[in-house]
Amino acid sequence: MRGSFARPRLVFSACLNCEPVRYNARIIEDEFCKKLAEHVDVVPVCPEVGIGLSVPRSPIVIVFDGEKRLMQKDTGQDLTKRLVEFSADFLEKLGAVDGFVLKRKSPSCALSDATAYRFSENKKLVLKTSGIFAQMAMEKFSKAAFIDEFRLRNFWLREHFLCRIFASAEMRGMFEGGFTKMDVLKFHERYKYLLMAHSPSLLKKLGRLVSNLNALTLADLTREYSDLFTMALTIKPTKAKHFNVLQHIYGYFKDRVNDVEKRKLLSLLDDFATGSTSLTKIRAIFREYARKLHIDYLLDQRYLSPYPLELETDV
Ligand code: SF4
């Protein structure tokens, strides 16, 4: 288990590195998306091509005249019904997924920043909104993680997204395979500090659940554990919560290292608190100490290795 990761199943907007399906027949080359795709199972989708539009095509816009509609500017075609039907069918047949990586600003795929125009004054901006496919996906898969290629460039948003999808895939793998109550207990142990960084109160609730394993059927355990676990991972960790977890981990080192190393680790914690050391760096150093001091319990903690090393970045 240590050092290996379940492969999350992610829906990608097809124009992100997959196929040249944009209105101008181009593809978006995004380095991080490319790297991410190597560690996940990608389900590409282009809703606009899915409803039969050509590549290239004249651009689509959202117009807002009481309700949100998808219009092709040049032809004046109202594409809303076709796109809604395609999206409903695609999402219905999709099966289990851990997340979505969608294209920003698209009237079909944007999470929140597509521009909507007032119908009678075509170019007048009225609001920023989600694309029609994205909105339906967020409603149907409310527990999945959603991000776009722009947000993936922000360290903390990327970190949260990656933690969620890899944790979700690992939990899904456990519950979809033949598992025992002991597997759930071990899984919970491995995720203790990652859960603490997201939600100490839900960590406690999950702890109470797994301490009462004999009272639960496998079906109840699956439902209750996965609901609470997913809810916990949805909560964004704060720097203060990370600091708290890092202090707990430091607690394992302090009596095993000499005074010089103790001072070094404490000053590292200070640097993290003041922002001069990144989470990635302190995690790598703590991993190294856990290895050097043979603390298996820490080496097994997902908090220190929440996703593949190749996806770790400093900023
Ligand atoms: S943003 Fe969505 S609809 Fe537009 S080209 Fe990309 S995948 Fe297709």
# chains A, B, ... in the order shown; residues from 1 in each chain; ligands from 1
call {"tool": "residues_near_ligand", "arguments": {"ligand": "ligand 1", "cutoff": "7 Å", "atoms": "only C-alpha atoms and all ligand atoms", "output": "list in words"}}
result
Ser13, Ala14, Cys15, Leu16, Val21, Arg22, Tyr23, Val45, Cys46, Pro47, Glu48, Val49, Lys103, Ser106, Ser108 and Cys109 of chain A
call {"tool": "write_last_selection", "arguments": {"atoms": "C-alpha atoms", "output": "PDB file, in the first residue's frame"}}
result
ATOM      1  CA  SER A  13     -13.046  18.436 -20.912  1.00  0.00           C
ATOM      2  CA  ALA A  14     -11.754  16.824 -24.098  1.00  0.00           C
ATOM      3  CA  CYS A  15     -10.058  20.025 -25.315  1.00  0.00           C
ATOM      4  CA  LEU A  16      -7.662  19.848 -22.305  1.00  0.00           C
ATOM      5  CA  VAL A  21     -12.236  19.959 -30.368  1.00  0.00           C
ATOM      6  CA  ARG A  22     -12.424  23.663 -29.525  1.00  0.00           C
ATOM      7  CA  TYR A  23     -14.555  25.959 -31.661  1.00  0.00           C
ATOM      8  CA  VAL A  45     -15.979  14.542 -23.084  1.00  0.00           C
ATOM      9  CA  CYS A  46     -16.781  17.451 -25.374  1.00  0.00           C
ATOM     10  CA  PRO A  47     -20.474  18.232 -24.933  1.00  0.00           C
ATOM     11  CA  GLU A  48     -20.539  20.551 -27.960  1.00  0.00           C
ATOM     12  CA  VAL A  49     -19.136  17.891 -30.282  1.00  0.00           C
ATOM     13  CA  LYS A 103     -12.269  24.030 -19.145  1.00  0.00           C
ATOM     14  CA  SER A 106     -16.645  27.695 -21.578  1.00  0.00           C
ATOM     15  CA  SER A 108     -20.681  24.324 -21.688  1.00  0.00           C
ATOM     16  CA  CYS A 109     -17.867  23.320 -19.311  1.00  0.00           C
TER      17      CYS A 109
END
call {"tool": "residues_around", "arguments": {"residues": "Lys239 of chain A", "least_positions_apart": "5", "cutoff": "10 Å", "atoms": "only C-alpha atoms", "output": "PyMOL selection string"}}
result
chain A and resi 156+197+244-245+272-273+275+279
call {"tool": "write_last_selection", "arguments": {"atoms": "N, CA, C and O atoms", "output": "CSV table (one decimal), in the first residue's frame"}}
result
chain,number,residue,atom,x,y,z
A,156,TRP,N,-3.0,25.7,-3.3
A,156,TRP,CA,-3.9,25.2,-2.2
A,156,TRP,C,-5.1,24.5,-2.9
A,156,TRP,O,-5.6,23.5,-2.3
A,197,ALA,N,-6.5,17.2,9.2
A,197,ALA,CA,-6.2,18.4,8.5
A,197,ALA,C,-7.4,19.0,7.8
A,197,ALA,O,-7.5,20.2,7.6
A,244,ASN,N,-1.4,22.2,13.1
A,244,ASN,CA,-1.8,21.3,14.2
A,244,ASN,C,-1.3,19.9,13.9
A,244,ASN,O,-0.7,19.2,14.7
A,245,VAL,N,-1.6,19.4,12.6
A,245,VAL,CA,-1.2,18.1,12.3
A,245,VAL,C,0.3,17.9,12.3
A,245,VAL,O,0.9,16.9,12.8
A,272,PHE,N,7.0,27.2,8.4
A,272,PHE,CA,5.7,26.9,7.7
A,272,PHE,C,4.6,27.9,8.2
A,272,PHE,O,3.9,28.4,7.4
A,273,ALA,N,4.6,28.1,9.5
A,273,ALA,CA,3.6,29.0,10.1
A,273,ALA,C,3.7,30.4,9.4
A,273,ALA,O,2.7,31.1,9.2
A,275,GLY,N,5.0,31.1,6.5
A,275,GLY,CA,4.9,31.0,5.0
A,275,GLY,C,6.2,30.9,4.3
A,275,GLY,O,6.3,30.9,3.1
A,279,LEU,N,4.2,23.6,2.3
A,279,LEU,CA,3.7,22.3,2.8
A,279,LEU,C,4.5,21.1,2.1
A,279,LEU,O,4.8,20.2,2.8
call {"tool": "residues_around", "arguments": {"residues": "Asn212 of chain A", "least_positions_apart": "4", "cutoff": "12 Å", "atoms": "only C-alpha atoms", "output": "NGL selection string"}}
result
:A and (181-182 or 184-185 or 205-208 or 216-217 or 220-221 or 225)
call {"tool": "write_last_selection", "arguments": {"atoms": "C-alpha atoms", "output": "PDB file, in the first residue's frame"}}
result
ATOM      1  CA  LYS A 181     -14.174  -4.551   8.643  1.00  0.00           C
ATOM      2  CA  MET A 182     -10.480  -4.818   9.458  1.00  0.00           C
ATOM      3  CA  VAL A 184     -11.844  -0.266   6.961  1.00  0.00           C
ATOM      4  CA  LEU A 185     -10.109   0.060  10.298  1.00  0.00           C
ATOM      5  CA  LYS A 205     -17.231  10.984  14.279  1.00  0.00           C
ATOM      6  CA  LEU A 206     -15.468   8.528  11.962  1.00  0.00           C
ATOM      7  CA  GLY A 207     -13.396   7.319  14.911  1.00  0.00           C
ATOM      8  CA  ARG A 208     -16.585   6.592  16.864  1.00  0.00           C
ATOM      9  CA  LEU A 216     -22.679  -2.433  11.947  1.00  0.00           C
ATOM     10  CA  THR A 217     -23.463  -4.499   8.875  1.00  0.00           C
ATOM     11  CA  ASP A 220     -24.243   0.252   6.829  1.00  0.00           C
ATOM     12  CA  LEU A 221     -20.519   0.629   7.412  1.00  0.00           C
ATOM     13  CA  TYR A 225     -18.159   5.647   6.493  1.00  0.00           C
TER      14      TYR A 225
END
call {"tool": "residues_around", "arguments": {"residues": "Lys264 of chain A", "least_positions_apart": "4", "cutoff": "12 Å", "atoms": "only C-alpha atoms", "output": "list in words"}}
result
Tyr250, Phe253, Lys254, Val257, Asn258, Asp259, Val260, Leu268, Leu269, Asp270, Asp271, Ile282, Ile285, Phe286 and Tyr289 of chain A
call {"tool": "select_by_dssp", "arguments": {"residues": "segment 74-271 of chain A", "states": "alpha helix (DSSP H)", "output": "ChimeraX atom specification"}}
result
/A:80-93,132-140,155-176,181-190,192-198,200-210,218-234,239-253,259-271
call {"tool": "select_by_dssp", "arguments": {"residues": "segment 77-188 of chain A", "states": "strand (DSSP E or B)", "output": "PyMOL selection string"}}
result
chain A and resi 78+99-102+114-118+121-129+145-148
call {"tool": "residues_around", "arguments": {"residues": "Pro237 of chain A", "least_positions_apart": "4", "cutoff": "7 Å", "atoms": "only C-alpha atoms", "output": "list in words"}}
result
Ala197, His198, Lys241 and His242 of chain A
call {"tool": "write_last_selection", "arguments": {"atoms": "all heavy atoms", "output": "PDB file, in the first residue's frame"}}
result
ATOM      1  N   ALA A 197      -6.483  17.183   9.182  1.00  0.00           N
ATOM      2  CA  ALA A 197      -6.184  18.449   8.491  1.00  0.00           C
ATOM      3  C   ALA A 197      -7.434  19.027   7.825  1.00  0.00           C
ATOM      4  O   ALA A 197      -7.522  20.225   7.594  1.00  0.00           O
ATOM      5  CB  ALA A 197      -5.088  18.230   7.445  1.00  0.00           C
ATOM      6  N   HIS A 198      -8.379  18.158   7.500  1.00  0.00           N
ATOM      7  CA  HIS A 198      -9.602  18.650   6.848  1.00  0.00           C
ATOM      8  C   HIS A 198     -10.685  18.969   7.868  1.00  0.00           C
ATOM      9  O   HIS A 198     -11.296  20.032   7.809  1.00  0.00           O
ATOM     10  CB  HIS A 198     -10.123  17.613   5.839  1.00  0.00           C
ATOM     11  CG  HIS A 198      -9.317  17.557   4.584  1.00  0.00           C
ATOM     12  ND1 HIS A 198      -8.084  16.946   4.510  1.00  0.00           N
ATOM     13  CD2 HIS A 198      -9.532  18.058   3.354  1.00  0.00           C
ATOM     14  CE1 HIS A 198      -7.597  17.078   3.289  1.00  0.00           C
ATOM     15  NE2 HIS A 198      -8.454  17.745   2.575  1.00  0.00           N
ATOM     16  N   LYS A 241      -4.914  24.273  10.633  1.00  0.00           N
ATOM     17  CA  LYS A 241      -5.152  22.829  10.812  1.00  0.00           C
ATOM     18  C   LYS A 241      -3.933  22.019  10.356  1.00  0.00           C
ATOM     19  O   LYS A 241      -3.567  21.036  10.989  1.00  0.00           O
ATOM     20  CB  LYS A 241      -6.432  22.400  10.076  1.00  0.00           C
ATOM     21  CG  LYS A 241      -7.703  22.810  10.830  1.00  0.00           C
ATOM     22  CD  LYS A 241      -8.945  22.162  10.272  1.00  0.00           C
ATOM     23  CE  LYS A 241      -9.599  23.016   9.233  1.00  0.00           C
ATOM     24  NZ  LYS A 241     -10.858  22.511   8.704  1.00  0.00           N
ATOM     25  N   HIS A 242      -3.314  22.468   9.255  1.00  0.00           N
ATOM     26  CA  HIS A 242      -2.079  21.789   8.833  1.00  0.00           C
ATOM     27  C   HIS A 242      -1.024  21.898   9.935  1.00  0.00           C
ATOM     28  O   HIS A 242      -0.330  20.930  10.249  1.00  0.00           O
ATOM     29  CB  HIS A 242      -1.520  22.431   7.555  1.00  0.00           C
ATOM     30  CG  HIS A 242      -2.136  21.896   6.303  1.00  0.00           C
ATOM     31  ND1 HIS A 242      -2.054  20.573   5.935  1.00  0.00           N
ATOM     32  CD2 HIS A 242      -2.842  22.499   5.314  1.00  0.00           C
ATOM     33  CE1 HIS A 242      -2.685  20.384   4.789  1.00  0.00           C
ATOM     34  NE2 HIS A 242      -3.176  21.534   4.392  1.00  0.00           N
TER      35      HIS A 242
END
call {"tool": "closest_residue", "arguments": {"among": "A:Asp98, A:Asp227, A:Glu38, A:Asp148", "to": "Arg164 of chain A", "atoms": "only C-alpha atoms"}}
result
A:Asp98
call {"tool": "closest_residue", "arguments": {"among": "A:Gly99, A:Thr280, A:Glu312, A:Arg9", "to": "Ser142 of chain A", "atoms": "only C-alpha atoms"}}
result
A:Gly99
call {"tool": "closest_residue", "arguments": {"among": "A:Val11, A:Ala88, A:Leu157, A:Lys73", "to": "Leu102 of chain A", "atoms": "only C-alpha atoms"}}
result
A:Val11
call {"tool": "residues_around", "arguments": {"residues": "Lys81 of chain A", "least_positions_apart": "3", "cutoff": "9 Å", "atoms": "only C-alpha atoms", "output": "MDAnalysis selection string"}}
result
chainID A and resid 69:70 78 84:86
call {"tool": "write_last_selection", "arguments": {"atoms": "N, CA, C and O atoms", "output": "tab-separated table (two decimals), in the first residue's frame"}}
result
chain	number	residue	atom	x	y	z
A	69	ARG	N	-29.74	30.00	-21.44
A	69	ARG	CA	-29.84	29.25	-22.69
A	69	ARG	C	-28.52	29.30	-23.45
A	69	ARG	O	-27.76	30.25	-23.33
A	70	LEU	N	-28.31	28.28	-24.24
A	70	LEU	CA	-27.07	28.17	-25.01
A	70	LEU	C	-27.38	28.47	-26.47
A	70	LEU	O	-28.17	27.77	-27.10
A	78	ASP	N	-30.81	27.80	-30.98
A	78	ASP	CA	-30.88	27.55	-29.55
A	78	ASP	C	-30.49	26.08	-29.32
A	78	ASP	O	-31.21	25.17	-29.73
A	84	VAL	N	-28.63	19.84	-22.96
A	84	VAL	CA	-29.16	19.29	-21.71
A	84	VAL	C	-29.39	17.79	-21.87
A	84	VAL	O	-29.03	16.99	-20.99
A	85	GLU	N	-29.94	17.39	-23.01
A	85	GLU	CA	-30.22	15.96	-23.22
A	85	GLU	C	-28.92	15.15	-23.30
A	85	GLU	O	-28.80	14.09	-22.71
A	86	PHE	N	-27.95	15.70	-24.04
A	86	PHE	CA	-26.66	15.00	-24.14
A	86	PHE	C	-26.04	14.84	-22.75
A	86	PHE	O	-25.57	13.76	-22.38
call {"tool": "atom_distance", "arguments": {"atom1": "atom CA of Thr75 of chain A", "atom2": "atom CA of Ser112 of chain A"}}
result
25.6 Å
call {"tool": "residues_around", "arguments": {"residues": "segment 53-62 of chain A", "least_positions_apart": "4", "cutoff": "12 Å", "atoms": "only C-alpha atoms", "output": "ChimeraX atom specification"}}
result
/A:15,19-27,46-49,66-80,82-83,105-110,113-119,122-133
